[in-house]
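Next comes work32.cif, a file with mmCIF, C-alpha atoms.
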```
data_coords
loop_
_atom_site.group_PDB
_atom_site.id
_atom_site.type_symbol
_atom_site.label_atom_id
_atom_site.label_comp_id
_atom_site.auth_asym_id
_atom_site.auth_seq_id
_atom_site.Cartn_x
_atom_site.Cartn_y
_atom_site.Cartn_z
ATOM 1 C CA MET A 896 33.153 -61.916 15.473
ATOM 2 C CA PHE A 897 31.933 -58.918 17.449
ATOM 3 C CA ASN A 898 31.571 -55.849 15.203
ATOM 4 C CA LYS A 899 32.177 -52.513 16.990
ATOM 5 C CA PHE A 900 31.049 -50.584 13.933
ATOM 6 C CA ARG A 901 27.504 -51.837 14.433
ATOM 7 C CA LEU A 902 27.447 -50.263 17.908
ATOM 8 C CA VAL A 903 29.130 -46.981 17.013
ATOM 9 C CA THR A 904 27.159 -46.271 13.869
ATOM 10 C CA PRO A 905 23.736 -45.831 15.513
ATOM 11 C CA LEU A 906 25.282 -43.542 18.129
ATOM 12 C CA LEU A 907 27.011 -41.415 15.492
ATOM 13 C CA LEU A 908 23.851 -41.210 13.442
ATOM 14 C CA ALA A 909 21.854 -40.083 16.463
ATOM 15 C CA CYS A 910 24.386 -37.372 17.311
ATOM 16 C CA PHE A 911 24.533 -36.237 13.707
ATOM 17 C CA ALA A 912 20.755 -35.997 13.530
ATOM 18 C CA LEU A 913 20.676 -33.992 16.777
ATOM 19 C CA PHE A 914 23.263 -31.599 15.311
ATOM 20 C CA ILE A 915 21.186 -31.056 12.188
ATOM 21 C CA ILE A 916 17.962 -30.499 14.145
ATOM 22 C CA SER A 917 19.558 -28.000 16.515
ATOM 23 C CA GLY A 918 21.436 -26.133 13.767
ATOM 24 C CA CYS A 919 18.615 -25.869 11.232
ATOM 25 C CA SER A 920 14.940 -25.517 12.052
ATOM 26 C CA ASP A 921 11.783 -25.588 10.006
ATOM 27 C CA ASP A 922 10.437 -22.798 12.196
ATOM 28 C CA ASP A 923 9.501 -19.798 10.054
ATOM 29 C CA ASN A 924 10.984 -17.462 12.659
ATOM 30 C CA PRO A 925 14.180 -19.136 13.918
ATOM 31 C CA ALA A 926 15.445 -15.919 15.506
ATOM 32 C CA GLY A 927 12.203 -14.947 17.166
ATOM 33 C CA SER A 928 12.967 -15.602 20.790
ATOM 34 C CA ASP A 929 16.713 -16.017 21.361
ATOM 35 C CA PRO A 930 18.204 -12.742 22.671
ATOM 36 C CA THR A 931 21.773 -14.080 22.298
ATOM 37 C CA ASP A 932 21.380 -14.723 18.567
ATOM 38 C CA THR A 933 23.522 -12.183 16.691
ATOM 39 C CA ASP A 934 23.347 -13.858 13.292
ATOM 40 C CA HIS A 935 19.644 -13.283 12.639
ATOM 41 C CA LEU A 936 17.230 -10.373 12.628
ATOM 42 C CA ARG A 937 14.810 -11.106 15.449
ATOM 43 C CA ALA A 938 11.129 -10.561 14.759
ATOM 44 C CA VAL A 939 7.772 -11.786 16.056
ATOM 45 C CA GLY A 940 5.657 -9.239 14.199
ATOM 46 C CA VAL A 941 5.550 -6.801 11.281
ATOM 47 C CA MET A 942 3.965 -3.437 10.499
ATOM 48 C CA LEU A 943 3.568 -1.569 7.173
ATOM 49 C CA ILE A 944 3.408 2.231 7.368
ATOM 50 C CA GLU A 945 2.702 4.713 4.569
ATOM 51 C CA GLY A 946 3.576 8.235 5.654
ATOM 52 C CA THR A 947 2.020 8.491 9.109
ATOM 53 C CA ASP A 948 -0.659 5.849 8.482
ATOM 54 C CA THR A 949 -0.285 2.319 9.801
ATOM 55 C CA LEU A 950 -1.910 0.114 7.152
ATOM 56 C CA VAL A 951 -1.532 -3.414 8.509
ATOM 57 C CA THR A 952 0.031 -4.963 11.615
ATOM 58 C CA ALA A 953 0.840 -8.520 12.680
ATOM 59 C CA ASP A 954 1.791 -9.270 16.294
ATOM 60 C CA GLY A 955 2.466 -12.973 16.469
ATOM 61 C CA THR A 956 -0.544 -14.451 14.685
ATOM 62 C CA ALA A 957 -2.879 -11.523 15.478
ATOM 63 C CA VAL A 958 -3.467 -9.374 12.375
ATOM 64 C CA SER A 959 -5.195 -5.978 12.151
ATOM 65 C CA GLY A 960 -5.770 -3.690 9.180
ATOM 66 C CA GLU A 961 -5.253 -4.388 5.500
ATOM 67 C CA ILE A 962 -3.639 -3.041 2.359
ATOM 68 C CA HIS A 963 -6.475 -1.285 0.482
ATOM 69 C CA ILE A 964 -5.869 -0.044 -3.049
ATOM 70 C CA HIS A 965 -7.882 0.722 -6.139
ATOM 71 C CA HIS A 966 -7.653 -0.870 -9.534
ATOM 72 C CA GLU A 967 -4.655 0.432 -11.513
ATOM 73 C CA GLU A 968 -3.461 2.434 -8.516
ATOM 74 C CA SER A 969 -0.516 1.988 -6.186
ATOM 75 C CA VAL A 970 0.109 2.384 -2.487
ATOM 76 C CA GLY A 971 3.556 2.976 -1.078
ATOM 77 C CA PRO A 972 6.386 2.870 -0.681
ATOM 78 C CA CYS A 973 5.333 1.492 2.711
ATOM 79 C CA MET A 974 8.034 1.324 5.364
ATOM 80 C CA VAL A 975 8.344 -2.145 6.861
ATOM 81 C CA TRP A 976 8.874 -2.360 10.619
ATOM 82 C CA PHE A 977 9.459 -5.503 12.665
ATOM 83 C CA LEU A 978 8.642 -6.343 16.260
ATOM 84 C CA ASP A 979 11.558 -7.472 18.423
ATOM 85 C CA PRO A 980 10.235 -9.545 21.350
ATOM 86 C CA ASP A 981 12.354 -7.556 23.828
ATOM 87 C CA SER A 982 13.093 -4.102 22.447
ATOM 88 C CA GLY A 983 9.917 -3.439 20.461
ATOM 89 C CA TRP A 984 9.398 -2.095 16.952
ATOM 90 C CA TYR A 985 12.419 -1.405 14.725
ATOM 91 C CA HIS A 986 13.096 -0.621 11.090
ATOM 92 C CA PRO A 987 16.136 -2.395 9.600
ATOM 93 C CA THR A 988 18.919 -0.147 8.339
ATOM 94 C CA GLU A 989 22.347 -0.772 6.854
ATOM 95 C CA GLU A 990 23.882 0.104 10.221
ATOM 96 C CA ALA A 991 21.651 -2.364 12.029
ATOM 97 C CA THR A 992 22.542 -5.249 9.708
ATOM 98 C CA SER A 993 26.220 -4.493 8.998
ATOM 99 C CA SER A 994 27.465 -6.395 12.053
ATOM 100 C CA LEU A 995 25.718 -9.594 10.988
ATOM 101 C CA ASP A 996 27.592 -12.336 9.188
ATOM 102 C CA HIS A 997 25.278 -12.357 6.163
ATOM 103 C CA ASP A 998 23.082 -9.900 4.345
ATOM 104 C CA HIS A 999 19.393 -9.846 5.089
ATOM 105 C CA GLU A 1000 16.777 -8.956 2.482
ATOM 106 C CA LEU A 1001 13.098 -8.117 2.424
ATOM 107 C CA ALA A 1002 10.783 -10.443 0.492
ATOM 108 C CA ILE A 1003 7.043 -10.341 -0.177
ATOM 109 C CA GLU A 1004 5.108 -13.462 -1.120
ATOM 110 C CA LEU A 1005 1.746 -12.777 -2.809
ATOM 111 C CA THR A 1006 -0.965 -15.423 -2.623
ATOM 112 C CA ASP A 1007 -2.538 -14.333 -5.931
ATOM 113 C CA PRO A 1008 -0.255 -12.183 -8.126
ATOM 114 C CA SER A 1009 -3.067 -11.706 -10.650
ATOM 115 C CA ILE A 1010 -4.875 -9.359 -8.204
ATOM 116 C CA ALA A 1011 -1.913 -7.180 -7.231
ATOM 117 C CA SER A 1012 1.743 -6.720 -8.035
ATOM 118 C CA VAL A 1013 4.520 -5.838 -5.628
ATOM 119 C CA GLU A 1014 7.667 -3.759 -5.983
ATOM 120 C CA LEU A 1015 10.377 -3.811 -3.341
ATOM 121 C CA GLY A 1016 12.099 -0.631 -2.210
ATOM 122 C CA GLU A 1017 15.419 -1.760 -3.652
ATOM 123 C CA GLU A 1018 13.737 -1.740 -7.078
ATOM 124 C CA ILE A 1019 12.372 1.819 -6.660
ATOM 125 C CA HIS A 1020 14.772 4.682 -7.281
ATOM 126 C CA GLY A 1021 15.445 6.605 -4.093
ATOM 127 C CA ALA A 1022 13.260 4.372 -1.902
ATOM 128 C CA ASP A 1023 14.249 2.703 1.347
ATOM 129 C CA PRO A 1024 15.342 -0.922 0.671
ATOM 130 C CA TRP A 1025 13.106 -2.044 3.549
ATOM 131 C CA SER A 1026 9.955 -0.677 1.947
ATOM 132 C CA VAL A 1027 7.390 -2.010 -0.499
ATOM 133 C CA SER A 1028 4.744 -0.768 -2.957
ATOM 134 C CA PHE A 1029 1.610 -2.564 -4.147
ATOM 135 C CA THR A 1030 -0.344 -1.958 -7.370
ATOM 136 C CA GLY A 1031 -3.921 -3.131 -7.927
ATOM 137 C CA LEU A 1032 -4.345 -5.241 -11.054
ATOM 138 C CA LEU A 1033 -7.759 -6.830 -10.639
ATOM 139 C CA GLU A 1034 -10.676 -6.174 -8.307
ATOM 140 C CA GLY A 1035 -10.760 -8.731 -5.496
ATOM 141 C CA GLU A 1036 -9.197 -9.875 -2.241
ATOM 142 C CA THR A 1037 -5.963 -11.747 -1.658
ATOM 143 C CA SER A 1038 -3.170 -11.892 0.938
ATOM 144 C CA PHE A 1039 0.588 -11.778 1.277
ATOM 145 C CA ARG A 1040 3.427 -12.640 3.644
ATOM 146 C CA VAL A 1041 6.385 -10.497 4.647
ATOM 147 C CA LYS A 1042 9.705 -12.297 5.014
ATOM 148 C CA ILE A 1043 13.194 -11.472 6.209
ATOM 149 C CA ILE A 1044 15.459 -13.571 3.990
ATOM 150 C CA HIS A 1045 18.785 -14.578 5.520
ATOM 151 C CA VAL A 1046 21.037 -16.304 2.959
ATOM 152 C CA ASP A 1047 18.836 -19.223 1.860
ATOM 153 C CA HIS A 1048 16.139 -19.226 4.549
ATOM 154 C CA PRO A 1049 13.744 -16.771 6.228
ATOM 155 C CA ASP A 1050 14.580 -15.349 9.634
ATOM 156 C CA TYR A 1051 10.954 -14.265 9.843
ATOM 157 C CA THR A 1052 7.750 -15.105 7.984
ATOM 158 C CA SER A 1053 4.606 -13.164 8.818
ATOM 159 C CA PRO A 1054 1.129 -14.645 8.957
ATOM 160 C CA LEU A 1055 -1.049 -13.961 5.921
ATOM 161 C CA LEU A 1056 -1.853 -10.231 5.680
ATOM 162 C CA PRO A 1057 -5.010 -9.114 3.818
ATOM 163 C CA LEU A 1058 -4.887 -7.104 0.597
ATOM 164 C CA HIS A 1059 -8.027 -5.690 -1.053
ATOM 165 C CA VAL A 1060 -8.193 -4.211 -4.537
ATOM 166 C CA ALA A 1061 -11.384 -2.145 -4.887
ATOM 167 C CA GLU A 1062 -13.316 -1.017 -7.935
ATOM 168 C CA GLU A 1063 -13.041 2.421 -9.479
ATOM 169 C CA HIS A 1064 -13.139 5.425 -7.174
ATOM 170 C CA PHE A 1065 -16.394 7.002 -8.206
ATOM 171 C CA ALA A 1066 -19.514 4.924 -8.845
ATOM 172 C CA ALA A 1067 -21.830 7.511 -10.419
ATOM 173 C CA VAL A 1068 -24.878 6.575 -12.509
ATOM 174 C CA GLY A 1069 -26.129 10.053 -13.391
ATOM 175 C CA VAL A 1070 -25.406 13.772 -13.395
ATOM 176 C CA MET A 1071 -27.294 17.021 -12.762
ATOM 177 C CA LEU A 1072 -26.453 20.562 -13.917
ATOM 178 C CA VAL A 1073 -27.670 23.372 -11.677
ATOM 179 C CA GLN A 1074 -27.452 27.171 -12.016
ATOM 180 C CA ALA A 1075 -28.360 28.998 -8.799
ATOM 181 C CA THR A 1076 -31.635 27.290 -7.835
ATOM 182 C CA ASP A 1077 -32.548 26.123 -11.349
ATOM 183 C CA THR A 1078 -31.983 22.529 -12.418
ATOM 184 C CA LEU A 1079 -31.109 22.693 -16.134
ATOM 185 C CA VAL A 1080 -30.345 19.059 -16.945
ATOM 186 C CA THR A 1081 -30.858 15.740 -15.177
ATOM 187 C CA VAL A 1082 -29.302 12.458 -16.347
ATOM 188 C CA ASN A 1083 -30.210 9.106 -14.800
ATOM 189 C CA GLY A 1084 -28.454 6.291 -16.618
ATOM 190 C CA SER A 1085 -29.263 6.911 -20.275
ATOM 191 C CA GLN A 1086 -32.366 9.014 -19.576
ATOM 192 C CA ILE A 1087 -31.904 12.762 -20.114
ATOM 193 C CA SER A 1088 -34.247 15.534 -19.028
ATOM 194 C CA GLY A 1089 -33.719 19.143 -20.173
ATOM 195 C CA GLN A 1090 -31.007 20.775 -22.254
ATOM 196 C CA PHE A 1091 -28.087 23.079 -21.519
ATOM 197 C CA PRO A 1092 -28.729 26.710 -22.631
ATOM 198 C CA VAL A 1093 -25.891 29.026 -23.679
ATOM 199 C CA LEU A 1094 -26.002 32.636 -24.903
ATOM 200 C CA LEU A 1095 -23.931 33.828 -27.838
ATOM 201 C CA ASP A 1096 -20.850 35.830 -26.816
ATOM 202 C CA MET A 1097 -21.914 35.827 -23.173
ATOM 203 C CA GLU A 1098 -20.419 33.819 -20.338
ATOM 204 C CA SER A 1099 -23.047 31.866 -18.432
ATOM 205 C CA SER A 1100 -23.609 31.844 -14.700
ATOM 206 C CA LEU A 1101 -21.652 29.292 -12.724
ATOM 207 C CA THR A 1102 -23.060 25.795 -13.302
ATOM 208 C CA GLU A 1103 -22.741 23.272 -10.478
ATOM 209 C CA VAL A 1104 -22.208 19.601 -11.299
ATOM 210 C CA TRP A 1105 -23.903 16.973 -9.133
ATOM 211 C CA PHE A 1106 -23.601 13.204 -9.468
ATOM 212 C CA LEU A 1107 -26.152 10.469 -8.797
ATOM 213 C CA ASP A 1108 -24.675 7.588 -6.790
ATOM 214 C CA PRO A 1109 -25.948 3.974 -7.002
ATOM 215 C CA ASP A 1110 -28.021 4.496 -3.835
ATOM 216 C CA GLY A 1111 -30.027 7.257 -5.493
ATOM 217 C CA ASP A 1112 -28.393 10.180 -3.660
ATOM 218 C CA TRP A 1113 -27.125 13.320 -5.376
ATOM 219 C CA VAL A 1114 -23.559 14.007 -4.250
ATOM 220 C CA ARG A 1115 -20.761 16.447 -4.940
ATOM 221 C CA PRO A 1116 -17.172 15.151 -4.821
ATOM 222 C CA GLU A 1117 -15.741 17.929 -2.643
ATOM 223 C CA GLU A 1118 -18.305 17.206 0.070
ATOM 224 C CA GLY A 1119 -17.320 13.552 0.536
ATOM 225 C CA HIS A 1120 -19.905 10.874 1.158
ATOM 226 C CA GLU A 1121 -20.872 8.835 4.203
ATOM 227 C CA ASP A 1122 -21.160 5.531 2.333
ATOM 228 C CA GLY A 1123 -17.446 5.449 1.646
ATOM 229 C CA LEU A 1124 -17.223 6.808 -1.890
ATOM 230 C CA ASP A 1125 -13.641 7.923 -2.365
ATOM 231 C CA HIS A 1126 -13.306 11.171 -4.336
ATOM 232 C CA GLU A 1127 -9.572 11.670 -3.919
ATOM 233 C CA GLY A 1128 -7.835 12.349 -7.224
ATOM 234 C CA LEU A 1129 -11.019 13.084 -9.214
ATOM 235 C CA GLU A 1130 -11.214 16.004 -11.621
ATOM 236 C CA LEU A 1131 -14.038 17.475 -13.670
ATOM 237 C CA ALA A 1132 -13.814 17.430 -17.450
ATOM 238 C CA ILE A 1133 -16.353 18.564 -20.059
ATOM 239 C CA GLU A 1134 -16.364 17.671 -23.735
ATOM 240 C CA VAL A 1135 -18.189 19.633 -26.442
ATOM 241 C CA GLU A 1136 -19.144 17.629 -29.519
ATOM 242 C CA ASN A 1137 -18.682 20.696 -31.747
ATOM 243 C CA SER A 1138 -15.954 22.640 -29.979
ATOM 244 C CA ALA A 1139 -16.384 25.609 -32.358
ATOM 245 C CA MET A 1140 -19.786 26.387 -30.858
ATOM 246 C CA ILE A 1141 -19.144 26.539 -27.076
ATOM 247 C CA THR A 1142 -16.173 27.481 -24.939
ATOM 248 C CA ILE A 1143 -16.064 25.837 -21.498
ATOM 249 C CA ILE A 1144 -14.191 27.282 -18.529
ATOM 250 C CA LEU A 1145 -13.776 24.849 -15.622
ATOM 251 C CA GLY A 1146 -14.350 26.087 -12.104
ATOM 252 C CA GLU A 1147 -10.728 25.633 -11.125
ATOM 253 C CA ASP A 1148 -9.738 28.099 -13.871
ATOM 254 C CA ILE A 1149 -12.213 30.820 -12.853
ATOM 255 C CA PRO A 1150 -10.511 33.477 -10.650
ATOM 256 C CA GLY A 1151 -11.908 33.582 -7.131
ATOM 257 C CA ASN A 1152 -13.980 30.431 -7.578
ATOM 258 C CA GLU A 1153 -13.207 27.626 -5.126
ATOM 259 C CA ASP A 1154 -15.796 25.192 -6.489
ATOM 260 C CA HIS A 1155 -13.804 22.895 -8.772
ATOM 261 C CA TRP A 1156 -16.944 20.929 -9.651
ATOM 262 C CA SER A 1157 -18.515 23.779 -11.567
ATOM 263 C CA PHE A 1158 -18.031 25.492 -14.919
ATOM 264 C CA SER A 1159 -19.160 28.357 -17.102
ATOM 265 C CA ALA A 1160 -19.921 28.347 -20.817
ATOM 266 C CA THR A 1161 -19.813 30.946 -23.600
ATOM 267 C CA GLY A 1162 -21.563 30.583 -26.947
ATOM 268 C CA ASP A 1163 -19.345 31.050 -30.006
ATOM 269 C CA ALA A 1164 -21.882 30.215 -32.720
ATOM 270 C CA VAL A 1165 -25.656 29.921 -32.808
ATOM 271 C CA GLY A 1166 -27.006 26.408 -33.117
ATOM 272 C CA THR A 1167 -27.275 23.088 -31.339
ATOM 273 C CA THR A 1168 -24.594 20.649 -30.224
ATOM 274 C CA ASN A 1169 -23.966 18.259 -27.308
ATOM 275 C CA ILE A 1170 -21.835 18.259 -24.205
ATOM 276 C CA ARG A 1171 -20.915 15.483 -21.812
ATOM 277 C CA ILE A 1172 -19.626 15.449 -18.259
ATOM 278 C CA LEU A 1173 -16.690 13.322 -17.125
ATOM 279 C CA ALA A 1174 -15.269 12.534 -13.693
ATOM 280 C CA MET A 1175 -11.632 11.970 -14.537
ATOM 281 C CA HIS A 1176 -9.387 9.854 -12.356
ATOM 282 C CA ALA A 1177 -5.709 9.841 -13.335
ATOM 283 C CA ASP A 1178 -5.697 9.014 -17.064
ATOM 284 C CA HIS A 1179 -9.196 7.564 -17.355
ATOM 285 C CA SER A 1180 -12.825 8.470 -16.660
ATOM 286 C CA ASP A 1181 -14.637 6.971 -13.670
ATOM 287 C CA TYR A 1182 -17.886 8.356 -15.061
ATOM 288 C CA THR A 1183 -18.866 9.634 -18.500
ATOM 289 C CA SER A 1184 -22.359 10.961 -19.063
ATOM 290 C CA PRO A 1185 -24.280 10.401 -22.287
ATOM 291 C CA TRP A 1186 -24.291 13.315 -24.715
ATOM 292 C CA ILE A 1187 -26.445 16.140 -23.312
ATOM 293 C CA PRO A 1188 -28.163 18.495 -25.782
ATOM 294 C CA ALA A 1189 -26.957 22.111 -25.685
ATOM 295 C CA GLU A 1190 -28.263 25.104 -27.601
ATOM 296 C CA VAL A 1191 -26.584 28.434 -28.274
ATOM 297 C CA THR A 1192 -29.032 31.316 -28.793
ATOM 298 C CA LEU A 1193 -28.854 35.084 -29.285
#
```
Show me this structure written as structure tokens.
Amino acid sequence: MFNKFRLVTPLLLACFALFIISGCSDDDNPAGSDPTDTDHLRAVGVMLIEGTDTLVTADGTAVSGEIHIHHEESVGPCMVWFLDPDSGWYHPTEEATSSLDHDHELAIELTDPSIASVELGEEIHGADPWSVSFTGLLEGETSFRVKIIHVDHPDYTSPLLPLHVAEEHFAAVGVMLVQATDTLVTVNGSQISGQFPVLLDMESSLTEVWFLDPDGDWVRPEEGHEDGLDHEGLELAIEVENSAMITIILGEDIPGNEDHWSFSATGDAVGTTNIRILAMHADHSDYTSPWIPAEVTL
């Protein structure tokens, strides 16, 4: 007997398959090119901006820039902008997404979460929900993707964007103490030449602090450096092994002195002790000299 079901079933299956394919796509950016689509946020590119600085941009598959941070430091919150294929760059807001049927959320997918961590704006008090912060955990290079999540799928997935976590800010291997034109102490690695002289009950002349970089150049943090050494956030600190013998006044605390990488010293008791120079960055030292001999005399 002729079975109509055998004819109808293949046709129904074909139509059903066509419905599924047209209604749900594996494309990472299903809303990228349809101007009549009002259910998705349309995007064909992304841009991360911190303040007035554009850090990284993706336009289609073309990527420029990178997220560059230092170990144990953060960058952000970075505002996330998307590229509409017709109207250009836009930043999502509650007003822009309120007319859509479903909420849209920002997501960041890190390739290697051991190198950096990520915190979305919605997790940061007072931050824009369409922003993101990165923190360096381990020196190295990795990448990440930016996504617009719509219910259970992404409306947009960026290409891989580079992220670089660099070593400590200040790579010094030595220090030099200079008063006027006289070099008092030179330190190269663990080798020390000279000693630091201090007079009892008398404040010394201003002592400049110079650092020896790995290339063998003497540099001062406030002058910057052409090879890319980053001195932002560094502060001078000086420790005295026997603090009862010498009082140190840092340059930033001396009235009228604009050289923060200098100091003066006053002898409080005759004798010998040691001092050491530190380049402090946040709550740790990027460079700590060996103990330098110091002598207080009459």
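Take the PyMOL selection byres ((chain A and resi 1098-1110) around 7) and apply it to this file: it picks Ala1066, Ala1067, Val1068, Gly1069, Val1070, Met1071, Leu1072, Val1073, Gln1074, Val1093, Asp1096, Met1097, Gly1111, Asp1112, Trp1113, Val1114, Arg1115, Trp1156, Ser1157, Phe1158, Ser1159, Ala1160 and Thr1161 of chain A.
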Name the residues captured by the PyMOL selection byres ((chain A and resi 1085) around 10) when it is applied to the shown file; answer as JSON, numbers by chain. {"A": [1068, 1069, 1082, 1083, 1084, 1086, 1087, 1184, 1185, 1186]}
Assuming the chain letters and numbering stay as they are in my file, what does the PyMOL selection byres ((chain A and resi 968-974) around 10) actually select? List them as JSON, numbers by chain. {"A": [942, 943, 944, 945, 946, 948, 949, 950, 962, 963, 964, 965, 966, 967, 975, 976, 986, 987, 1011, 1012, 1013, 1014, 1015, 1016, 1019, 1022, 1023, 1024, 1025, 1026, 1027, 1028, 1029, 1030, 1031, 1032, 1060, 1061, 1063, 1177]}
Can those selected residues be exported to a file as a short mmCIF file (atom, residue, chain, number, x, y, z; two decimals), in the frame of the given file so that it contains C-alpha atoms?
```cif
data_model
loop_
_atom_site.label_atom_id
_atom_site.label_comp_id
_atom_site.auth_asym_id
_atom_site.auth_seq_id
_atom_site.Cartn_x
_atom_site.Cartn_y
_atom_site.Cartn_z
CA MET A 942 3.96 -3.44 10.50
CA LEU A 943 3.57 -1.57 7.17
CA ILE A 944 3.41 2.23 7.37
CA GLU A 945 2.70 4.71 4.57
CA GLY A 946 3.58 8.24 5.65
CA ASP A 948 -0.66 5.85 8.48
CA THR A 949 -0.28 2.32 9.80
CA LEU A 950 -1.91 0.11 7.15
CA ILE A 962 -3.64 -3.04 2.36
CA HIS A 963 -6.48 -1.28 0.48
CA ILE A 964 -5.87 -0.04 -3.05
CA HIS A 965 -7.88 0.72 -6.14
CA HIS A 966 -7.65 -0.87 -9.53
CA GLU A 967 -4.66 0.43 -11.51
CA VAL A 975 8.34 -2.14 6.86
CA TRP A 976 8.87 -2.36 10.62
CA HIS A 986 13.10 -0.62 11.09
CA PRO A 987 16.14 -2.40 9.60
CA ALA A 1011 -1.91 -7.18 -7.23
CA SER A 1012 1.74 -6.72 -8.04
CA VAL A 1013 4.52 -5.84 -5.63
CA GLU A 1014 7.67 -3.76 -5.98
CA LEU A 1015 10.38 -3.81 -3.34
CA GLY A 1016 12.10 -0.63 -2.21
CA ILE A 1019 12.37 1.82 -6.66
CA ALA A 1022 13.26 4.37 -1.90
CA ASP A 1023 14.25 2.70 1.35
CA PRO A 1024 15.34 -0.92 0.67
CA TRP A 1025 13.11 -2.04 3.55
CA SER A 1026 9.96 -0.68 1.95
CA VAL A 1027 7.39 -2.01 -0.50
CA SER A 1028 4.74 -0.77 -2.96
CA PHE A 1029 1.61 -2.56 -4.15
CA THR A 1030 -0.34 -1.96 -7.37
CA GLY A 1031 -3.92 -3.13 -7.93
CA LEU A 1032 -4.34 -5.24 -11.05
CA VAL A 1060 -8.19 -4.21 -4.54
CA ALA A 1061 -11.38 -2.14 -4.89
CA GLU A 1063 -13.04 2.42 -9.48
CA ALA A 1177 -5.71 9.84 -13.34
#
```
Just to confirm, what's the straight-line distance from atom CA of Ser1009 of chain A to atom CA of Thr1037 of chain A in Å (one decimal)?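 Going from atom CA of Ser1009 of chain A over to atom CA of Thr1037 of chain A covers 9.4 Å.
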Here is a test: counting only C-alpha atoms, which residue of A:Leu1173, A:Leu978, A:Gly1151, A:Ile1187 is nearest to Leu1131 of chain A?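 Closest to Leu1131 of chain A of all the choices is A:Leu1173.
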